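Colleague: Before I ask anything, here is the structure I am working with.
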Amino acid sequence: MKRILVLFVAWFAFSAAYAQGIEFRTESYAEVLKMAKKQKKLVFVDIYTSWCGPCKHMATNIFTRKEAGDFFNAHFLNMKLDAEKSADGKAVASRFQVSGYPTMLFLDGDGELIYRMLGGRSLDQFVAEGQKALDAYVAKPLLEKNAKLYAEGKRDKAFLLEYYALKDKAGLDCSDILLDYFAQVNDKELLDSLNVACIAKVTTYDPVLAKRWVKAVCQGVKANPDKKSMGNAKKSLCSYLGACLKDAAKSDDPKKMEEVLGLKAKLFDKAGISESVTMATLGGGNIYIASNLLRLDYYEHKHMKKLFVPLFEKYTREVIEDYRKKAAEREKTEAELDKKMVEAKAVGDEKEYAAIKRMRGMIGLFSGMDDYYLSSQMVNYIETYAGYYEGVKDRAFEDKIVSLYQDLHRIHPSVKTAVHVANKLLEMDRRQEALEELELAWDKGQNAMGAEPADREACQKKLEELRK
């Protein structure tokens, strides 16, 4: 009896702990909407996929927390929908044009969008987003009123800013309103703090507006290079140009893409902004990716063979030559830092030693991320290039392809890409070259950027296979 009691208490404690988190409904999407309408509540919908890392993080570390449960269970009916495996998930993801995960939607009982957010959040941020959804729900009548006035043609600046604030608070796209607003803003007012914040919210490419903003920021940086506000202006404009880039990527006209990349080039040159994968991954967006990589990606997706082939050939030569120069410089810098670390250690200056060690680590981190992205992307483009190439595909061309795999993989030798490279070389009966790339990756790339245990296992398995 005592054992049963202990088990019961343990089960009760587990159940109580589990109940602390968000309670997700198991009914169908339609049924939950019906319940929400009756209860006058919003529905919180977590759109996820089985392979999404941030989705797993939210499900394991955020949704299960008591604070999240207390807030979301009190204010919402909660649902989880797999965007790829569930019928409801596929339908909801399609209706709301979900393209990134996790996407979290807050819907009213009629299935109308009240608020949305993309990506993972900390616990405090997540609860704060829920509160924003509630605020947007309260503001819905005013939002509908303003939508009616806008449809009837009301366009004065004060109204547009009020309407924009409401839509932005609801997490809705405000591009149409802001384009009308900026049409009434003169060039001297563009860099006002309010307008700087607004431009980052525009998601539609407007060539006239984009040119005006690039000109304004370039002139502002020249006049006030050290002014903190210019840093905000550059950041916001990069966000807008990133949206323009996405917009242009949907077009079948490469001229539109070139217009955006031309504006990017002018801004980056005049404002002293560097292309950096690190900046892109830290929230800056694709605008920070090297322009030629963006071009190649666009040409590949649009099957523009005539544009892809010459650019790939030209850019590959530049990339390989540039890497060789940078590799020599990097080795020299690292050797100098290593020498200084030894000297600091010898005299017992632990503070100096730690500072130099951190500097060396940061250099490796940032260069490693850029090198990994460049190497992996260019390696993946080789197959596209070979398929698009319309010249003679003889032994000399095959040798060229082999050299490309070797040179581009060696920009960032990694167990993460080595198996792919080896398999492509084996398809051309280049067993020795495949073995060399695997050995290089095993020797220098076990801890390369992005490498995971599964990559090391795959590389080791392939190595053993070829060594037999």
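In the structure tokens, each chain is lettered A, B, ... as it comes, each chain's residues begin at 1, and ligands are numbered from 1 in order of appearance.
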Apply DSSP to the backbone of this structure and, from segment 39-266 of chain A, keep only the residues in strand (DSSP E or B); write these as number ranges by chain.
Modeller: A: 42-48, 76-82, 103-107, 113-118
Colleague: Compile the contact shell of segment 388-402 of chain A as JSON, numbers by chain: residues with an atom at most 7 Å away, counting only C-alpha atoms, same-chain residues fewer than 6 positions apart removed.
Modeller: {"A": [305, 309, 425]}
Colleague: Would you kindly return, as a list in words, each protein, DNA or RNA residue with an atom no farther than 12 Å from any atom of Asn232 of chain A, considering only C-alpha atoms and excluding same-chain residues fewer than 4 positions away?
Modeller: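 Close residues of Asn232 of chain A: Leu191, Asp192, Ser193, Leu194, Asn195, Val196, Ala197, Cys198, Ile199, Ala200, Val217, Gly220, Val221, Asp226, Lys227, Lys228, Ser236, Leu237, Cys238 and Ser239 of chain A.
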Colleague: Using DSSP secondary structure from the backbone, list all alpha helix (DSSP H) positions within segment 137-296 of chain A, as a ChimeraX atom specification.
Modeller: /A:137-138,140-151,157-169,175-182,193-199,207-223,228-249,254-271,277-279,291-296
Colleague: Nearest residue to Asp88 of chain A out of A:Val32, A:Val379, A:Cys55, A:Leu142, using only C-alpha atoms?
Modeller: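 Once distances to Asp88 of chain A are computed over only C-alpha atoms, the minimum belongs to A:Val32.
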Colleague: Set the distance at 12 Å and use only C-alpha atoms: which residues neighbour Asn186 of chain A once local chain neighbours fewer than 3 positions away are removed? I'd like the list as a VMD selection string.
Modeller: chain A and resid 181 to 183 189 to 192 195 209 212 to 213 216
Colleague: Would you compute the distance between atom CA of Leu408 of chain A and atom CA of Arg467 of chain A? Give it in Å to one decimal.
Modeller: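 Atom CA of Leu408 of chain A sits 23.6 Å away from atom CA of Arg467 of chain A.
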Colleague: List the neighbours of segment 162-167 of chain A out to 12 Å using only C-alpha atoms; skip same-chain residues closer than 4 positions along the sequence, and give me the result as an MDAnalysis selection string.
Modeller: chainID A and resid 113:116 132:133 135:151 154:158 171:182 194:195 197:199 201:202
Colleague: Deliver the residues from the most recent selection as a file, using N, CA and C atoms, as a CSV table (one decimal), in the first residue's frame.
Modeller:
```csv
chain,number,residue,atom,x,y,z
A,113,LEU,N,-6.6,36.8,-38.8
A,113,LEU,CA,-5.3,37.1,-38.1
A,113,LEU,C,-5.3,38.4,-37.3
A,114,ILE,N,-4.9,38.2,-36.1
A,114,ILE,CA,-4.9,39.4,-35.2
A,114,ILE,C,-3.4,39.8,-35.0
A,115,TYR,N,-2.5,38.8,-34.8
A,115,TYR,CA,-1.1,39.1,-34.6
A,115,TYR,C,-0.3,37.9,-35.0
A,116,ARG,N,0.9,38.1,-35.4
A,116,ARG,CA,1.8,37.0,-35.8
A,116,ARG,C,3.2,37.3,-35.4
A,132,LYS,N,1.1,41.5,-26.6
A,132,LYS,CA,0.9,42.3,-27.8
A,132,LYS,C,-0.3,41.8,-28.6
A,133,ALA,N,-0.4,40.5,-28.6
A,133,ALA,CA,-1.6,39.9,-29.3
A,133,ALA,C,-2.9,40.4,-28.7
A,135,ASP,N,-3.3,43.1,-26.9
A,135,ASP,CA,-3.5,44.5,-27.2
A,135,ASP,C,-4.0,44.7,-28.6
A,136,ALA,N,-3.5,43.9,-29.5
A,136,ALA,CA,-4.0,44.1,-30.9
A,136,ALA,C,-5.5,43.7,-31.0
A,137,TYR,N,-5.9,42.7,-30.2
A,137,TYR,CA,-7.3,42.2,-30.3
A,137,TYR,C,-8.2,43.3,-29.8
A,138,VAL,N,-7.8,44.0,-28.7
A,138,VAL,CA,-8.5,45.1,-28.1
A,138,VAL,C,-8.6,46.3,-29.2
A,139,ALA,N,-7.5,46.4,-29.9
A,139,ALA,CA,-7.5,47.5,-30.9
A,139,ALA,C,-8.2,47.2,-32.2
A,140,LYS,N,-8.7,46.0,-32.4
A,140,LYS,CA,-9.2,45.5,-33.6
A,140,LYS,C,-10.4,46.4,-34.2
A,141,PRO,N,-11.3,46.9,-33.3
A,141,PRO,CA,-12.4,47.7,-33.9
A,141,PRO,C,-11.8,49.0,-34.5
A,142,LEU,N,-10.8,49.6,-33.8
A,142,LEU,CA,-10.2,50.9,-34.3
A,142,LEU,C,-9.4,50.6,-35.6
A,143,LEU,N,-8.8,49.4,-35.6
A,143,LEU,CA,-8.1,49.0,-36.8
A,143,LEU,C,-9.0,48.9,-38.0
A,144,GLU,N,-10.2,48.2,-37.8
A,144,GLU,CA,-11.2,48.1,-38.8
A,144,GLU,C,-11.7,49.4,-39.3
A,145,LYS,N,-11.9,50.3,-38.3
A,145,LYS,CA,-12.4,51.6,-38.7
A,145,LYS,C,-11.4,52.4,-39.6
A,146,ASN,N,-10.1,52.3,-39.2
A,146,ASN,CA,-9.1,52.9,-40.0
A,146,ASN,C,-8.9,52.3,-41.4
A,147,ALA,N,-9.1,51.0,-41.4
A,147,ALA,CA,-9.0,50.3,-42.7
A,147,ALA,C,-10.1,50.8,-43.7
A,148,LYS,N,-11.3,51.0,-43.1
A,148,LYS,CA,-12.4,51.5,-43.9
A,148,LYS,C,-12.1,53.0,-44.4
A,149,LEU,N,-11.6,53.8,-43.5
A,149,LEU,CA,-11.2,55.2,-43.9
A,149,LEU,C,-10.1,55.2,-45.0
A,150,TYR,N,-9.2,54.2,-44.9
A,150,TYR,CA,-8.1,54.1,-45.8
A,150,TYR,C,-8.6,53.7,-47.2
A,151,ALA,N,-9.5,52.7,-47.2
A,151,ALA,CA,-10.1,52.2,-48.4
A,151,ALA,C,-10.9,53.4,-49.1
A,154,LYS,N,-8.7,58.2,-47.4
A,154,LYS,CA,-8.1,59.1,-46.5
A,154,LYS,C,-6.6,58.9,-46.5
A,155,ARG,N,-5.8,60.0,-46.6
A,155,ARG,CA,-4.3,59.8,-46.8
A,155,ARG,C,-3.5,60.9,-46.1
A,156,ASP,N,-4.1,61.7,-45.2
A,156,ASP,CA,-3.2,62.7,-44.6
A,156,ASP,C,-2.2,62.0,-43.7
A,157,LYS,N,-1.1,62.7,-43.5
A,157,LYS,CA,0.1,62.1,-42.8
A,157,LYS,C,-0.3,61.6,-41.3
A,158,ALA,N,-1.0,62.4,-40.6
A,158,ALA,CA,-1.3,62.1,-39.2
A,158,ALA,C,-2.1,60.8,-39.2
A,171,GLY,N,1.4,43.3,-35.7
A,171,GLY,CA,2.3,42.4,-36.4
A,171,GLY,C,1.9,42.3,-37.9
A,172,LEU,N,1.2,43.2,-38.5
A,172,LEU,CA,0.7,43.1,-39.8
A,172,LEU,C,1.6,43.9,-40.8
A,173,ASP,N,1.6,43.6,-42.0
A,173,ASP,CA,2.4,44.3,-43.0
A,173,ASP,C,1.9,45.7,-43.2
A,174,CYS,N,2.7,46.7,-43.2
A,174,CYS,CA,2.3,48.1,-43.2
A,174,CYS,C,2.8,48.8,-44.5
A,175,SER,N,3.3,48.0,-45.5
A,175,SER,CA,4.0,48.6,-46.6
A,175,SER,C,3.1,49.6,-47.4
A,176,ASP,N,1.9,49.2,-47.6
A,176,ASP,CA,1.0,50.1,-48.4
A,176,ASP,C,0.8,51.4,-47.8
A,177,ILE,N,0.6,51.4,-46.4
A,177,ILE,CA,0.4,52.7,-45.7
A,177,ILE,C,1.7,53.5,-45.7
A,178,LEU,N,2.8,52.9,-45.5
A,178,LEU,CA,4.1,53.6,-45.4
A,178,LEU,C,4.5,54.2,-46.7
A,179,LEU,N,4.2,53.5,-47.8
A,179,LEU,CA,4.6,54.0,-49.1
A,179,LEU,C,3.8,55.3,-49.4
A,180,ASP,N,2.5,55.3,-49.0
A,180,ASP,CA,1.7,56.5,-49.1
A,180,ASP,C,2.3,57.6,-48.2
A,181,TYR,N,2.7,57.2,-47.0
A,181,TYR,CA,3.3,58.2,-46.1
A,181,TYR,C,4.6,58.8,-46.6
A,182,PHE,N,5.5,58.0,-47.0
A,182,PHE,CA,6.8,58.5,-47.5
A,182,PHE,C,6.7,59.3,-48.7
A,194,LEU,N,11.7,59.0,-36.2
A,194,LEU,CA,10.4,58.3,-36.5
A,194,LEU,C,10.5,57.6,-37.9
A,195,ASN,N,11.0,58.4,-38.9
A,195,ASN,CA,11.0,57.9,-40.3
A,195,ASN,C,12.1,56.8,-40.4
A,197,ALA,N,12.8,54.6,-38.2
A,197,ALA,CA,12.1,53.4,-37.7
A,197,ALA,C,11.1,52.8,-38.6
A,198,CYS,N,10.4,53.7,-39.3
A,198,CYS,CA,9.4,53.3,-40.3
A,198,CYS,C,9.9,52.6,-41.5
A,199,ILE,N,11.1,53.0,-42.0
A,199,ILE,CA,11.6,52.4,-43.3
A,199,ILE,C,11.9,50.9,-43.1
A,201,LYS,N,10.1,48.9,-41.7
A,201,LYS,CA,8.9,48.1,-41.7
A,201,LYS,C,8.3,48.0,-43.2
A,202,VAL,N,8.9,48.6,-44.1
A,202,VAL,CA,8.5,48.4,-45.5
A,202,VAL,C,9.0,47.2,-46.1
```
Colleague: Distance atom CA of Lys264 of chain A-atom CA of Asp252 of chain A, one decimal place?
Modeller: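 These atoms are spaced 19.8 Å apart.
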Colleague: When distances are computed from only C-alpha atoms, which of A:Asp429, A:Asp46, A:Glu457, A:Asp370 shows the smallest separation from Arg25 of chain A?
Modeller: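 With only C-alpha atoms as the atom set, the closest residue is A:Asp46.
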Colleague: Of the candidates A:Glu259, A:Tyr205, A:Thr49, A:Asn292, which one gets nearest to Lys314 of chain A if we count only C-alpha atoms?
Modeller: A:Asn292
Colleague: Between atom CA of Lys325 of chain A and atom CA of Ser291 of chain A, what is the spacing in Å?
Modeller: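 If I compute the distance from atom CA of Ser291 of chain A to atom CA of Lys325 of chain A, I get 20.4 Å.
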Colleague: When you count only C-alpha atoms, which of these residues is closest to Ala290 of chain A: A:Ser99, A:Ser229, A:Gln377, A:Thr333?
Modeller: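 Using only C-alpha atoms, the shortest distance to Ala290 of chain A belongs to A:Gln377.
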Colleague: Which neighbours of Gln460 of chain A fall inside 10 Å, counting only C-alpha atoms, when residues of the same chain fewer than 2 positions from it are skipped, and could you give them as a VMD selection string?
Modeller: chain A and resid 415 419 438 to 439 441 to 442 454 to 458 462 to 465
